[in-house]
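For reference, the structure discussed in these notes is given below.
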Amino acid sequence: MKAKTKIELLKVTRNVEKKVGYKIPKVVVEDVLAACLRKISCIKKDESYLPILYACELPLQLQIIAINEYCRLHK
């Protein structure tokens, strides 16, 4: 992965952390990034699309995690 892409991904992560108000666990970041890499491969996009997709997917996955945790606690 290009250094420019890594920097953009880090910026996205930091921006999302500021919006949600907490540090996102490394395992979540890695899982979302891996899913994004699989998606760009499937849709035949190049690496430049990765930060755009990641910026959409990271908050979405955090919401899914929060909903699942809420449901687990309120069964």
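Within each chain, counting starts at residue 1; across the structure tokens, chains are named A, B, ... in the order shown, with ligands numbered 1 upward in that order.
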task = Extract, using only C-alpha atoms, all DNA, RNA and protein residues at most 9 Å from range 14-31 of chain A, discarding same-chain residues fewer than 2 positions from it, and format them as a PyMOL selection string.
result = chain A and resi 9-12+33-36+55+58-59+61-62
Using N, CA and C atoms, can you write the selected residues to a file as an mmCIF file, in the first residue's frame?
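What landed in part25.cif:
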data_model
loop_
_atom_site.group_PDB
_atom_site.id
_atom_site.type_symbol
_atom_site.label_atom_id
_atom_site.label_comp_id
_atom_site.auth_asym_id
_atom_site.auth_seq_id
_atom_site.Cartn_x
_atom_site.Cartn_y
_atom_site.Cartn_z
ATOM 1 N N LEU A 9 -5.790 7.047 5.180
ATOM 2 C CA LEU A 9 -6.560 6.137 6.034
ATOM 3 C C LEU A 9 -6.427 6.532 7.504
ATOM 4 N N LEU A 10 -5.227 6.922 7.904
ATOM 5 C CA LEU A 10 -5.005 7.365 9.281
ATOM 6 C C LEU A 10 -5.812 8.624 9.575
ATOM 7 N N LYS A 11 -5.842 9.551 8.625
ATOM 8 C CA LYS A 11 -6.627 10.776 8.800
ATOM 9 C C LYS A 11 -8.113 10.455 8.940
ATOM 10 N N VAL A 12 -8.597 9.530 8.132
ATOM 11 C CA VAL A 12 -10.010 9.133 8.223
ATOM 12 C C VAL A 12 -10.292 8.556 9.604
ATOM 13 N N LEU A 33 -10.746 -2.295 7.464
ATOM 14 C CA LEU A 33 -9.810 -2.101 6.363
ATOM 15 C C LEU A 33 -9.704 -3.359 5.500
ATOM 16 N N ALA A 34 -9.656 -4.522 6.124
ATOM 17 C CA ALA A 34 -9.597 -5.776 5.365
ATOM 18 C C ALA A 34 -10.846 -5.957 4.507
ATOM 19 N N ALA A 35 -11.995 -5.630 5.066
ATOM 20 C CA ALA A 35 -13.242 -5.734 4.298
ATOM 21 C C ALA A 35 -13.222 -4.759 3.119
ATOM 22 N N CYS A 36 -12.716 -3.558 3.342
ATOM 23 C CA CYS A 36 -12.631 -2.566 2.265
ATOM 24 C C CYS A 36 -11.683 -3.024 1.165
ATOM 25 N N ALA A 55 -13.854 5.595 4.589
ATOM 26 C CA ALA A 55 -14.542 6.694 5.281
ATOM 27 C C ALA A 55 -16.037 6.424 5.411
ATOM 28 N N LEU A 58 -16.210 2.703 7.953
ATOM 29 C CA LEU A 58 -15.816 2.725 9.364
ATOM 30 C C LEU A 58 -16.947 3.201 10.273
ATOM 31 N N PRO A 59 -17.575 4.354 10.003
ATOM 32 C CA PRO A 59 -18.688 4.759 10.877
ATOM 33 C C PRO A 59 -19.863 3.771 10.832
ATOM 34 N N GLN A 61 -19.713 0.514 10.398
ATOM 35 C CA GLN A 61 -19.388 -0.657 11.212
ATOM 36 C C GLN A 61 -19.434 -0.332 12.701
ATOM 37 N N LEU A 62 -19.042 0.880 13.074
ATOM 38 C CA LEU A 62 -19.136 1.278 14.482
ATOM 39 C C LEU A 62 -20.593 1.306 14.933
#
query = So how many Å separate CA of Ile52 in chain A and CA of Arg38 in chain A, to one decimal?
reply =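 CA of Ile52 in chain A sits 14.2 Å away from CA of Arg38 in chain A.
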message = So the first atom is CA of Cys71 in chain A and the second is CA of Tyr54 in chain A; what is the distance between them in Å, to one decimal place?
response =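 Separating CA of Cys71 in chain A from CA of Tyr54 in chain A is a distance of 25.4 Å.
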Å distance separating CA of Leu37 in chain A from CA of Arg72 in chain A, one decimal place = 29.1 Å
key: Residues flagged alpha helix (DSSP H) by DSSP in chain A, as a ChimeraX atom specification   = /A:3-20,26-42,50-73
ask   = Excluding same-chain residues fewer than 2 positions from Ser48 in chain A, what lies within 10 Å of it counting only C-alpha atoms, as an MDAnalysis selection string?
value = chainID A and resid 2 4:5 8 40 45:46 50:53
